[in-house]
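Undergrad: Got a file for you: run.txt, compact mmCIF, C-alpha atoms.
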```txt
# COMPACT_ATOMS: atom_id res chain seq x y z
CA MET F 1 107.16 59.01 106.15
CA ARG F 2 103.97 60.55 107.38
CA GLU F 3 102.17 62.55 104.71
CA ILE F 4 101.04 66.09 105.54
CA VAL F 5 98.70 67.43 102.84
CA ILE F 6 97.79 71.12 102.73
CA VAL F 7 94.78 71.99 100.59
CA GLY F 8 95.31 75.56 99.42
CA GLY F 9 98.43 77.67 98.96
CA GLY F 10 97.06 81.03 100.12
CA TYR F 11 98.12 82.92 103.23
CA ALA F 12 97.40 80.22 105.79
CA GLY F 13 98.54 77.35 103.57
CA PHE F 14 101.75 79.06 102.50
CA TYR F 15 102.76 80.04 106.02
CA THR F 16 101.92 76.57 107.34
CA ALA F 17 104.14 74.89 104.74
CA TRP F 18 106.86 77.51 105.17
CA GLY F 19 106.85 77.02 108.93
CA LEU F 20 106.87 73.22 108.66
CA GLU F 21 109.92 73.34 106.40
CA LYS F 22 111.76 75.19 109.16
CA ARG F 23 110.62 72.83 111.94
CA LEU F 24 110.50 69.31 110.54
CA ARG F 25 113.60 67.19 110.53
CA GLY F 26 114.89 65.23 107.51
CA LYS F 27 112.47 62.37 106.96
CA GLU F 28 110.09 63.18 109.78
CA ALA F 29 107.26 63.93 107.34
CA ARG F 30 106.63 64.96 103.77
CA VAL F 31 104.63 68.13 103.13
CA THR F 32 102.41 68.46 100.04
CA VAL F 33 100.56 71.60 98.95
CA ILE F 34 97.64 71.29 96.52
CA ASP F 35 96.70 74.47 94.66
CA PRO F 36 95.77 75.24 91.04
CA ARG F 37 98.00 78.33 91.05
CA PRO F 38 101.80 78.18 91.43
CA TYR F 39 101.86 81.22 93.68
CA MET F 40 100.35 82.79 96.76
CA THR F 41 98.44 85.99 96.01
CA TYR F 42 99.02 88.80 98.49
CA GLN F 43 95.48 90.12 98.14
CA PRO F 44 95.89 93.43 100.04
CA PHE F 45 98.09 94.55 97.13
CA LEU F 46 95.46 93.83 94.44
CA PRO F 47 93.83 97.30 94.64
CA GLU F 48 97.25 98.86 94.04
CA VAL F 49 97.82 96.48 91.13
CA THR F 50 94.61 97.81 89.56
CA ALA F 51 96.02 101.32 89.92
CA GLY F 52 99.45 100.40 88.57
CA SER F 53 101.15 101.28 91.87
CA ILE F 54 102.49 97.73 92.17
CA GLU F 55 103.64 95.36 89.45
CA ALA F 56 101.33 92.37 89.14
CA ARG F 57 104.07 89.79 89.70
CA HIS F 58 105.13 91.51 92.91
CA ALA F 59 101.73 90.74 94.46
CA ALA F 60 102.37 87.04 93.90
CA VAL F 61 104.82 84.88 95.86
CA SER F 62 106.16 81.86 94.00
CA LEU F 63 105.46 78.61 95.85
CA ARG F 64 108.25 76.69 94.12
CA ARG F 65 110.85 79.34 94.83
CA HIS F 66 110.11 79.60 98.54
CA LEU F 67 108.82 76.11 99.43
CA ARG F 68 111.86 74.19 98.31
CA ARG F 69 111.31 71.04 100.38
CA THR F 70 107.57 70.84 99.79
CA ARG F 71 105.91 68.74 97.09
CA LEU F 72 103.63 70.97 95.01
CA ILE F 73 100.64 69.62 93.11
CA ALA F 74 99.17 71.94 90.50
CA GLY F 75 95.51 71.03 90.66
CA LYS F 76 92.18 71.76 92.26
CA ALA F 77 90.96 69.82 95.29
CA THR F 78 87.45 68.68 94.35
CA ALA F 79 86.65 66.44 97.32
CA ILE F 80 87.93 65.60 100.80
CA ARG F 81 87.03 62.21 102.25
CA ASN F 82 88.43 61.99 105.72
CA ALA F 83 86.89 58.51 106.18
CA ASP F 84 89.34 57.28 103.51
CA ARG F 85 92.06 59.85 104.35
CA THR F 86 92.09 61.04 100.74
CA VAL F 87 91.87 64.28 98.76
CA THR F 88 90.63 64.12 95.17
CA VAL F 89 92.68 66.33 92.84
CA ARG F 90 91.67 67.59 89.41
CA PRO F 91 94.73 68.67 87.39
CA ALA F 92 94.55 71.12 84.50
CA ASN F 93 95.06 68.19 82.13
CA GLY F 94 94.30 64.55 82.70
CA ALA F 95 91.96 62.59 84.92
CA ASP F 96 91.19 63.15 88.60
CA TYR F 97 93.28 61.22 91.10
CA GLN F 98 93.53 60.81 94.85
CA VAL F 99 96.22 61.87 97.30
CA ARG F 100 96.42 60.08 100.63
CA TYR F 101 97.32 61.79 103.87
CA ASP F 102 98.11 61.14 107.51
CA VAL F 103 97.69 64.79 108.49
CA LEU F 104 95.38 67.16 106.60
CA VAL F 105 95.39 70.95 106.66
CA VAL F 106 92.44 72.69 105.00
CA THR F 107 93.27 76.25 103.95
CA ALA F 108 91.52 76.25 100.58
CA GLY F 109 90.41 79.87 100.90
CA ALA F 110 87.32 81.37 99.38
CA VAL F 111 86.11 82.15 95.88
CA THR F 112 83.99 85.05 94.70
CA ARG F 113 80.33 84.45 95.48
CA THR F 114 77.93 85.44 92.72
CA PHE F 115 74.16 85.54 92.35
CA PRO F 116 71.85 84.77 89.39
CA ILE F 117 71.63 88.40 88.33
CA PRO F 118 70.86 88.85 84.62
CA GLY F 119 74.03 89.71 82.72
CA LEU F 120 76.38 89.39 85.71
CA ALA F 121 78.27 86.32 84.47
CA GLN F 122 78.77 87.90 81.04
CA GLN F 123 79.73 91.45 82.09
CA ALA F 124 81.39 91.50 85.51
CA ILE F 125 84.90 90.71 86.68
CA GLY F 126 86.06 89.83 90.20
CA LEU F 127 88.95 91.21 92.26
CA LYS F 128 90.40 88.19 94.03
CA HIS F 129 93.30 87.20 91.76
CA VAL F 130 96.23 89.01 90.15
CA GLU F 131 94.90 88.31 86.67
CA GLU F 132 91.65 90.07 87.49
CA ALA F 133 93.41 93.14 88.92
CA VAL F 134 95.54 93.46 85.79
CA ALA F 135 92.51 93.06 83.53
CA ILE F 136 90.61 95.78 85.42
CA ARG F 137 93.48 98.21 85.03
CA ASP F 138 93.98 97.43 81.34
CA ARG F 139 90.26 97.71 80.60
CA LEU F 140 90.07 101.14 82.19
CA MET F 141 93.05 102.37 80.20
CA THR F 142 91.71 100.89 76.97
CA SER F 143 88.36 102.59 77.65
CA PHE F 144 90.15 105.94 77.96
CA ASP F 145 91.89 105.39 74.62
CA GLN F 146 88.63 104.46 72.92
CA ALA F 147 86.62 107.27 74.52
CA SER F 148 89.16 109.90 73.49
CA SER F 149 88.51 109.11 69.83
CA LEU F 150 84.71 109.32 70.15
CA PRO F 151 82.50 112.42 70.12
CA PRO F 152 80.58 113.22 73.33
CA GLY F 153 77.59 110.93 73.65
CA ALA F 154 76.18 107.73 75.11
CA GLU F 155 78.98 105.42 73.97
CA ARG F 156 81.67 107.70 75.34
CA ARG F 157 79.83 108.02 78.68
CA LYS F 158 79.55 104.24 78.94
CA LEU F 159 83.29 103.78 78.39
CA LEU F 160 84.02 106.27 81.17
CA THR F 161 81.57 104.73 83.66
CA VAL F 162 82.87 102.26 86.26
CA THR F 163 80.70 100.27 88.69
CA PHE F 164 81.89 98.37 91.76
CA VAL F 165 79.44 96.11 93.58
CA GLY F 166 80.37 95.40 97.21
CA GLY F 167 81.40 97.78 99.97
CA GLY F 168 83.85 95.60 101.89
CA PHE F 169 87.60 96.17 102.00
CA SER F 170 88.26 94.70 98.57
CA GLY F 171 85.55 96.72 96.89
CA VAL F 172 86.23 100.05 98.61
CA GLU F 173 90.01 99.84 98.22
CA GLY F 174 89.78 98.79 94.58
CA PHE F 175 87.20 101.50 93.91
CA GLY F 176 89.28 104.21 95.56
CA GLU F 177 92.49 103.19 93.79
CA LEU F 178 90.85 102.99 90.36
CA LEU F 179 89.17 106.37 90.89
CA SER F 180 92.58 107.81 91.78
CA LEU F 181 94.10 106.30 88.62
CA ALA F 182 91.29 107.58 86.37
CA THR F 183 91.56 111.09 87.79
CA ALA F 184 95.33 111.11 87.28
CA MET F 185 94.98 109.90 83.69
CA LEU F 186 92.81 112.86 82.65
CA LYS F 187 95.81 115.19 82.30
CA HIS F 188 97.09 112.92 79.53
CA TYR F 189 93.74 112.99 77.72
CA PRO F 190 92.88 116.61 76.91
CA GLU F 191 89.88 115.36 74.91
CA LEU F 192 88.22 114.14 78.12
CA SER F 193 86.98 116.06 81.15
CA PHE F 194 86.48 115.19 84.81
CA ASP F 195 82.73 115.69 84.48
CA GLU F 196 82.58 112.79 82.03
CA LEU F 197 83.93 110.30 84.58
CA SER F 198 81.23 108.38 86.43
CA PHE F 199 82.23 106.02 89.26
CA HIS F 200 79.52 104.07 91.14
CA LEU F 201 79.91 102.00 94.32
CA VAL F 202 76.88 99.80 95.10
CA GLU F 203 76.38 98.29 98.58
CA ALA F 204 73.33 96.34 99.78
CA ARG F 205 73.80 97.36 103.42
CA ASP F 206 73.42 100.81 104.96
CA ARG F 207 77.17 101.32 105.33
CA ILE F 208 80.52 100.37 103.80
CA LEU F 209 83.62 98.95 105.49
CA PRO F 210 81.86 97.14 108.35
CA GLU F 211 85.28 96.38 109.91
CA VAL F 212 85.65 100.05 110.92
CA GLY F 213 83.30 102.12 113.04
CA ALA F 214 80.10 103.65 111.68
CA LYS F 215 81.54 107.19 111.84
CA SER F 216 84.69 106.11 110.00
CA GLY F 217 82.63 104.36 107.34
CA ALA F 218 80.50 107.47 106.87
CA TRP F 219 83.66 109.58 106.53
CA VAL F 220 84.89 107.27 103.75
CA VAL F 221 81.58 107.72 101.90
CA ARG F 222 81.87 111.51 102.16
CA SER F 223 85.48 111.37 101.04
CA LEU F 224 84.62 109.35 97.94
CA GLU F 225 81.68 111.61 97.09
CA ARG F 226 83.87 114.72 97.37
CA ARG F 227 86.07 113.12 94.72
CA GLY F 228 83.09 112.81 92.38
CA ALA F 229 82.02 109.22 93.12
CA HIS F 230 78.44 108.01 93.54
CA VAL F 231 77.91 105.73 96.56
CA HIS F 232 74.62 103.78 96.54
CA LEU F 233 73.81 102.40 100.01
CA ASN F 234 70.88 100.08 100.79
CA THR F 235 70.94 99.26 97.10
CA GLN F 236 71.18 96.00 95.18
CA LEU F 237 72.16 95.21 91.61
CA VAL F 238 69.07 94.04 89.72
CA SER F 239 70.39 93.57 86.18
CA VAL F 240 73.48 94.30 84.13
CA VAL F 241 72.59 92.91 80.69
CA ASP F 242 74.91 94.30 77.99
CA GLY F 243 76.44 96.66 80.55
CA HIS F 244 73.14 98.40 81.30
CA VAL F 245 73.07 98.67 85.10
CA VAL F 246 69.70 98.55 86.84
CA LEU F 247 69.65 99.20 90.60
CA SER F 248 66.96 98.38 93.15
CA SER F 249 66.64 102.11 93.81
CA GLY F 250 65.31 102.56 90.27
CA GLU F 251 68.46 104.19 88.90
CA GLU F 252 69.75 103.01 85.52
CA PHE F 253 72.93 103.75 83.56
CA ASP F 254 75.36 102.13 81.13
CA SER F 255 78.73 101.01 82.48
CA GLY F 256 81.75 99.88 80.49
CA LEU F 257 83.51 98.26 83.47
CA ILE F 258 81.71 96.31 86.21
CA VAL F 259 83.63 94.82 89.16
CA TRP F 260 81.96 92.37 91.56
CA THR F 261 83.36 92.12 95.10
CA ALA F 262 80.18 91.23 97.00
CA GLY F 263 81.13 88.34 99.22
CA ASN F 264 82.92 85.01 99.33
CA ALA F 265 81.95 81.35 99.07
CA ASN F 266 83.66 78.15 100.25
CA PRO F 267 82.53 75.43 97.82
CA VAL F 268 85.08 72.75 98.76
CA VAL F 269 84.31 72.56 102.47
CA HIS F 270 80.64 73.41 102.08
CA ASN F 271 79.69 70.76 99.54
CA LEU F 272 82.53 68.33 98.99
CA THR F 273 83.73 66.99 102.33
CA ASP F 274 82.64 64.72 105.17
CA LEU F 275 84.33 66.97 107.73
CA PRO F 276 82.05 68.80 110.20
CA VAL F 277 80.81 72.21 109.05
CA ASP F 278 78.64 74.82 110.74
CA GLU F 279 75.50 76.55 109.48
CA ARG F 280 77.60 78.97 107.40
CA GLY F 281 79.42 76.16 105.64
CA LEU F 282 82.68 76.70 107.54
CA LEU F 283 84.73 73.94 109.14
CA VAL F 284 84.14 73.55 112.86
CA VAL F 285 87.48 74.33 114.50
CA ARG F 286 88.73 74.23 118.07
CA PRO F 287 90.87 77.02 119.57
CA ASP F 288 94.08 75.11 118.74
CA LEU F 289 92.99 75.07 115.03
CA SER F 290 92.24 71.33 115.00
CA VAL F 291 88.98 70.35 113.33
CA GLY F 292 86.07 69.15 115.45
CA THR F 293 84.71 69.93 118.89
CA ASP F 294 85.95 69.11 122.38
CA SER F 295 83.49 66.22 122.53
CA ALA F 296 84.01 65.07 118.93
CA PRO F 297 87.55 65.85 117.71
CA VAL F 298 88.71 64.83 114.23
CA PRO F 299 92.22 63.37 114.66
CA GLY F 300 94.92 64.59 112.30
CA VAL F 301 92.87 67.33 110.62
CA TRP F 302 93.52 71.06 110.96
CA ALA F 303 92.07 74.18 109.33
CA ALA F 304 92.50 77.95 109.19
CA GLY F 305 91.73 80.98 107.10
CA ASP F 306 88.54 81.66 105.18
CA ASP F 307 87.36 78.03 105.42
CA ALA F 308 87.42 77.78 109.19
CA ALA F 309 85.21 79.07 112.02
CA VAL F 310 88.11 79.80 114.37
CA PRO F 311 87.09 80.83 117.92
CA ASP F 312 88.23 84.37 118.69
CA LEU F 313 89.73 84.05 122.17
CA ALA F 314 90.69 87.74 122.15
CA SER F 315 87.06 88.84 121.79
CA THR F 316 84.79 89.62 124.71
CA VAL F 317 81.74 88.49 122.69
CA PRO F 318 80.69 84.92 123.57
CA GLY F 319 80.96 82.56 120.59
CA ALA F 320 82.80 85.09 118.43
CA HIS F 321 84.97 83.89 115.55
CA THR F 322 88.00 85.51 113.94
CA VAL F 323 87.23 87.59 110.86
CA PRO F 324 88.48 86.15 107.55
CA ASN F 325 91.27 88.58 106.78
CA ALA F 326 94.97 88.40 105.94
CA GLN F 327 96.05 89.46 109.42
CA HIS F 328 94.49 86.37 111.01
CA ALA F 329 95.29 83.96 108.15
CA VAL F 330 99.03 84.69 108.32
CA ARG F 331 99.18 84.24 112.09
CA GLN F 332 96.99 81.15 112.00
CA GLY F 333 99.34 79.61 109.44
CA LYS F 334 102.32 80.22 111.70
CA ARG F 335 100.48 78.71 114.69
CA LEU F 336 99.40 75.72 112.58
CA ALA F 337 103.01 74.92 111.69
CA LYS F 338 104.01 74.98 115.35
CA ASN F 339 101.04 72.90 116.48
CA ILE F 340 101.39 70.26 113.76
CA ALA F 341 105.10 69.82 114.48
CA ALA F 342 104.35 69.56 118.20
CA GLY F 343 101.56 67.06 117.55
CA LEU F 344 103.82 64.82 115.47
CA ARG F 345 106.33 64.69 118.33
CA GLY F 346 103.82 64.24 121.12
CA GLY F 347 104.35 67.78 122.35
CA THR F 348 101.90 70.39 123.57
CA VAL F 349 99.77 72.31 121.11
CA ARG F 350 98.66 75.83 121.92
CA ASN F 351 95.50 77.78 121.22
CA TYR F 352 95.41 80.51 118.62
CA ARG F 353 94.95 83.89 120.17
CA HIS F 354 95.59 87.20 118.45
CA SER F 355 94.33 90.65 119.28
CA SER F 356 93.69 92.79 116.22
CA LEU F 357 96.35 95.33 115.34
CA GLY F 358 93.62 97.53 113.90
CA VAL F 359 92.39 97.91 110.35
CA VAL F 360 93.89 100.07 107.62
CA ALA F 361 92.64 100.75 104.09
CA THR F 362 93.90 102.63 101.09
CA LEU F 363 91.42 104.91 99.32
CA GLY F 364 93.71 105.93 96.48
CA LEU F 365 97.13 107.49 96.12
CA GLY F 366 97.86 109.54 99.26
CA ARG F 367 94.53 108.70 100.90
CA GLY F 368 93.67 106.15 103.55
CA ILE F 369 92.03 105.37 106.87
CA PHE F 370 93.32 103.54 109.96
CA GLN F 371 91.36 102.53 113.04
CA TYR F 372 92.46 100.80 116.20
CA LYS F 373 89.74 100.70 118.84
CA GLY F 374 88.94 104.38 119.44
CA ILE F 375 91.93 105.73 117.52
CA VAL F 376 91.17 106.87 113.95
CA ILE F 377 93.75 108.31 111.55
CA LYS F 378 92.69 109.62 108.14
CA GLY F 379 94.31 110.88 104.97
CA PHE F 380 97.98 110.83 104.00
CA ALA F 381 99.27 109.51 107.34
CA ALA F 382 96.89 106.54 107.19
CA TRP F 383 97.95 105.86 103.59
CA LEU F 384 101.60 105.75 104.68
CA MET F 385 100.65 103.36 107.50
CA HIS F 386 98.87 101.14 104.97
CA ARG F 387 101.95 100.91 102.78
CA GLY F 388 104.29 100.46 105.71
CA TYR F 389 102.25 97.68 107.27
CA HIS F 390 101.80 95.69 104.08
CA VAL F 391 105.37 95.96 102.87
CA LEU F 392 106.37 94.48 106.23
CA ALA F 393 103.64 91.83 106.04
CA VAL F 394 104.26 90.56 102.50
CA PRO F 395 106.42 87.42 102.81
CA THR F 396 110.11 87.26 101.84
CA TRP F 397 112.65 90.06 101.65
CA GLU F 398 112.85 89.62 97.90
CA ARG F 399 109.21 90.71 97.51
CA LYS F 400 109.60 93.58 100.00
CA VAL F 401 112.54 95.02 98.03
CA ARG F 402 110.75 94.68 94.70
CA VAL F 403 107.64 96.45 95.98
CA LEU F 404 109.64 99.26 97.58
CA THR F 405 111.59 99.74 94.35
CA VAL F 406 108.40 100.15 92.31
CA TRP F 407 107.00 102.64 94.83
CA LEU F 408 110.21 104.68 94.73
CA THR F 409 110.23 104.67 90.92
CA ALA F 410 106.59 105.82 90.84
CA ALA F 411 107.36 108.61 93.32
CA LEU F 412 110.10 109.90 91.02
CA PHE F 413 108.54 109.39 87.60
CA GLY F 414 104.80 108.93 88.19
CA ARG F 415 102.49 106.08 87.26
CA ASP F 416 103.13 103.83 84.28
CA LEU F 417 100.06 104.38 82.08
CA VAL F 418 100.63 101.70 79.44
CA SER F 419 97.75 99.30 78.81
CA LEU F 420 98.60 95.74 77.82
CA ALA F 421 95.03 94.54 77.32
CA SER F 422 96.11 92.83 74.11
CA VAL F 423 97.97 90.17 76.11
CA GLN F 424 94.58 88.70 77.00
CA HIS F 425 94.32 87.69 73.33
CA PRO F 426 97.94 87.14 72.28
CA ARG F 427 97.13 85.47 68.96
CA ASP F 428 95.19 88.40 67.49
CA ALA F 429 98.12 89.92 65.60
CA PHE F 430 99.30 86.53 64.34
CA VAL F 431 95.90 85.27 63.14
CA THR F 432 94.48 88.50 61.73
CA GLY F 433 97.65 89.97 60.30
CA GLY F 434 96.83 93.23 62.03
CA ASP F 435 93.28 93.41 60.65
CA PRO F 436 91.08 94.66 63.53
CA GLN F 437 87.95 93.53 61.70
CA ARG F 438 88.92 89.92 62.28
CA SER F 439 90.06 90.25 65.90
CA GLY F 440 86.89 88.65 67.27
CA GLU F 441 87.59 85.46 65.34
CA CYS F 442 90.81 84.60 67.10
CA GLN F 443 89.47 85.72 70.46
CA LEU F 444 87.03 82.86 70.16
CA ASP F 445 89.89 80.56 69.24
CA ASP F 446 91.82 81.60 72.35
CA ARG F 447 89.14 80.38 74.73
CA PRO F 448 90.07 77.15 76.51
CA ALA F 449 88.04 74.08 75.74
CA ALA F 450 85.21 73.36 78.19
```
Could you express the structure from this file as structure tokens?

TA:
Amino acid sequence: MREIVIVGGGYAGFYTAWGLEKRLRGKEARVTVIDPRPYMTYQPFLPEVTAGSIEARHAAVSLRRHLRRTRLIAGKATAIRNADRTVTVRPANGADYQVRYDVLVVTAGAVTRTFPIPGLAQQAIGLKHVEEAVAIRDRLMTSFDQASSLPPGAERRKLLTVTFVGGGFSGVEGFGELLSLATAMLKHYPELSFDELSFHLVEARDRILPEVGAKSGAWVVRSLERRGAHVHLNTQLVSVVDGHVVLSSGEEFDSGLIVWTAGNANPVVHNLTDLPVDERGLLVVRPDLSVGTDSAPVPGVWAAGDDAAVPDLASTVPGAHTVPNAQHAVRQGKRLAKNIAAGLRGGTVRNYRHSSLGVVATLGLGRGIFQYKGIVIKGFAAWLMHRGYHVLAVPTWERKVRVLTVWLTAALFGRDLVSLASVQHPRDAFVTGGDPQRSGECQLDDRPAA
């Protein structure tokens, strides 16, 4: 059988494999997905995971449960050598090995891009995976518990200070949801006051949410500031050693929680492949999602999602490419499945073309913004549109029902405000016998070997 290898099990990879399962006959080809995680993360739900509005597992779609005729390899693709038709895989345990392919689909997605800022690697946490969203929520709740037992002062202010770096969708939505959660938690902590909360959003550009219009972005800034947040535009993070935040504007403050959402990187396609890439490190892709150019196609190789510079045929701007968001990745995955199946049978492949349905963002419970061309909707109606769109977009009816059930439960009984930060160090109680003075010892033991 011909071997179809999909590098990456995110939106585009999952929908490609899912579509191929529906289209390929018996022994027509074998599909393999390579991904270190056994699930697809529905990233638009991560901000609501940080706020406890969605259960963490409900933002993840099991690959093994839904890709029943696909071979799944739990490992990281470390190199692609199209000259040899091989992908090098690094499993969690054991030596690297190679997987051969006849057809390759690159949908490896992006990772959080960081910079050599002092203290960043030691203090910050990203917001790209379910584990990170859960940790952010638990850390905020743990900070509230600790702050409530301290007298007013510097340490208490630090615990109640949250800093987000990055004003894109992920940063703004996560910031707004966490601010909403923190504000709601205050009624359960009579020892703390609203004035002690300090939320900072840092953005290097002169605006946030570049996907919406300038006026809409400015409205979001005003909305956040009315809720007590500090939005720092045209500002960069200079240092964050030991949680002491230093900004390029000269402002300094201590922050107990620092979340980094400032950009993405594509290390696999940028550094570890012989496939053609552009100046941004993205795979060169034709309108039908095949890799290469009209004059120099790469047979049997396809790409989509964050790794690919996909021509935007719906744009009036010459040379425009589709933006790397979930809306395009899902539809590109569906088109990939159709085109690959057609290509295997000598059929006709079609170009990817999709006009944006608009952009919608949550800014916290009951708050949101929607924009489609010149139409802008703000507030509660936009928040309802955000929830409605994403519950329809998340794959499988099983996940839709689970998410709706959690939302209904929260509407009736409120948020679940239990922190499970201790699960990040599950051996503490066993090793220390409940002695908090020794908790640091087993935390070191829990770290995986390098």

Undergrad: Determine, for each residue of region 161-183 of chain F having at least one atom at most 10 Å from an atom of region 195-203 of chain F, the closest pair of atoms and their separation in Å to one decimal, counting all atoms listed in the file; order by chain and ascending number, as a Markdown table.

TA:
```
| residue | atom | partner | partner_atom | distance |
| --- | --- | --- | --- | --- |
| F:Thr161 | CA | F:Ser198 | CA | 4.6 |
| F:Val162 | CA | F:Phe199 | CA | 4.9 |
| F:Thr163 | CA | F:His200 | CA | 4.7 |
| F:Phe164 | CA | F:Leu201 | CA | 4.9 |
| F:Val165 | CA | F:Val202 | CA | 4.7 |
| F:Gly166 | CA | F:Glu203 | CA | 5.1 |
| F:Gly167 | CA | F:Glu203 | CA | 5.2 |
| F:Gly168 | CA | F:Glu203 | CA | 8.6 |
| F:Gly171 | CA | F:Leu201 | CA | 8.1 |
| F:Val172 | CA | F:Leu201 | CA | 7.9 |
| F:Phe175 | CA | F:Leu201 | CA | 7.3 |
| F:Gly176 | CA | F:Phe199 | CA | 9.6 |
| F:Leu178 | CA | F:Phe199 | CA | 9.2 |
| F:Leu179 | CA | F:Phe199 | CA | 7.1 |
| F:Ala182 | CA | F:Leu197 | CA | 8.0 |
| F:Thr183 | CA | F:Leu197 | CA | 8.3 |
```

Undergrad: Taking C-alpha atoms for each residue, export the selection above as a short mmCIF file (atom, residue, chain, number, x, y, z; two decimals), in the coordinates of the input.

TA:
```cif
data_model
loop_
_atom_site.label_atom_id
_atom_site.label_comp_id
_atom_site.auth_asym_id
_atom_site.auth_seq_id
_atom_site.Cartn_x
_atom_site.Cartn_y
_atom_site.Cartn_z
CA THR F 161 81.57 104.73 83.66
CA VAL F 162 82.87 102.26 86.26
CA THR F 163 80.70 100.27 88.69
CA PHE F 164 81.89 98.37 91.76
CA VAL F 165 79.44 96.11 93.58
CA GLY F 166 80.37 95.40 97.21
CA GLY F 167 81.40 97.78 99.97
CA GLY F 168 83.85 95.60 101.89
CA GLY F 171 85.55 96.72 96.89
CA VAL F 172 86.23 100.05 98.61
CA PHE F 175 87.20 101.50 93.91
CA GLY F 176 89.28 104.21 95.56
CA LEU F 178 90.85 102.99 90.36
CA LEU F 179 89.17 106.37 90.89
CA ALA F 182 91.29 107.58 86.37
CA THR F 183 91.56 111.09 87.79
#
```

Undergrad: If we count all atoms listed in the file and set the cut-off at 12 Å, which residues sit around Asn271 (chain F), ignoring sequence neighbours fewer than 2 positions away in its own chain? Please answer as a list in words.

TA: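 What passes the distance filter is Thr78, Ala79, Ile80, Arg81, Ala265, Asn266, Pro267, Val268, Val269, Thr273, Asp274, Leu275, Pro276, Val277, Asp278, Arg280, Gly281, Leu282 and Leu283 of chain F.
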
Undergrad: For Arg100 (chain F), please output as a compact mmCIF listing (two decimals) with C-alpha atoms, in the coordinates of the input all residues within 7 Å (counting only C-alpha atoms; exclusion window: fewer than 5 positions along the same chain).

TA:
```
# COMPACT_ATOMS: atom_id res chain seq x y z
CA ARG F 85 92.06 59.85 104.35
CA THR F 86 92.09 61.04 100.74
CA VAL F 87 91.87 64.28 98.76
```

Undergrad: Point out the residue among F:Lys158, F:Arg335, F:His321, F:His232 with the least atom-to-atom distance to Ala17 (chain F), counting only C-alpha atoms.

TA: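 Using only C-alpha atoms, the shortest distance to Ala17 (chain F) belongs to F:Arg335.
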
Undergrad: Quick one: of F:Ala304, F:Leu46, F:Ala229, F:Val431, who's nearest to His129 (chain F), counting all atoms listed in the file?

TA: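 The answer is F:Leu46, which sits nearest to His129 (chain F).
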
Undergrad: What's the separation between CA of Thr396 (chain F) and CA of Leu127 (chain F), in Å to one decimal place?

TA: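 It comes out at 23.6 Å.
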
Undergrad: Looking at F:Asp145, F:Glu3, F:Glu211, F:Asp242, which one is nearest to Ala121 (chain F), with distances taken over only C-alpha atoms?

TA: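 Of the candidates, the smallest distance to Ala121 (chain F) is held by F:Asp242.
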
Undergrad: Nearest to Gly368 (chain F) among F:Ala341, F:Leu192, F:Val220, F:Met40, with distances taken over only C-alpha atoms: which residue is it?

TA: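 Among F:Ala341, F:Leu192, F:Val220, F:Met40, it is F:Val220 that comes nearest to Gly368 (chain F).
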
Undergrad: With only C-alpha atoms counted, which protein, DNA or RNA residues have an atom no more than 10 Å from (90.3, 98.4, 91.9) in the file frame? Please answer as a PyMOL selection string.

TA: chain F and resi 46-52+126-127+132-134+136-137+164+170-181+259+261+363-364
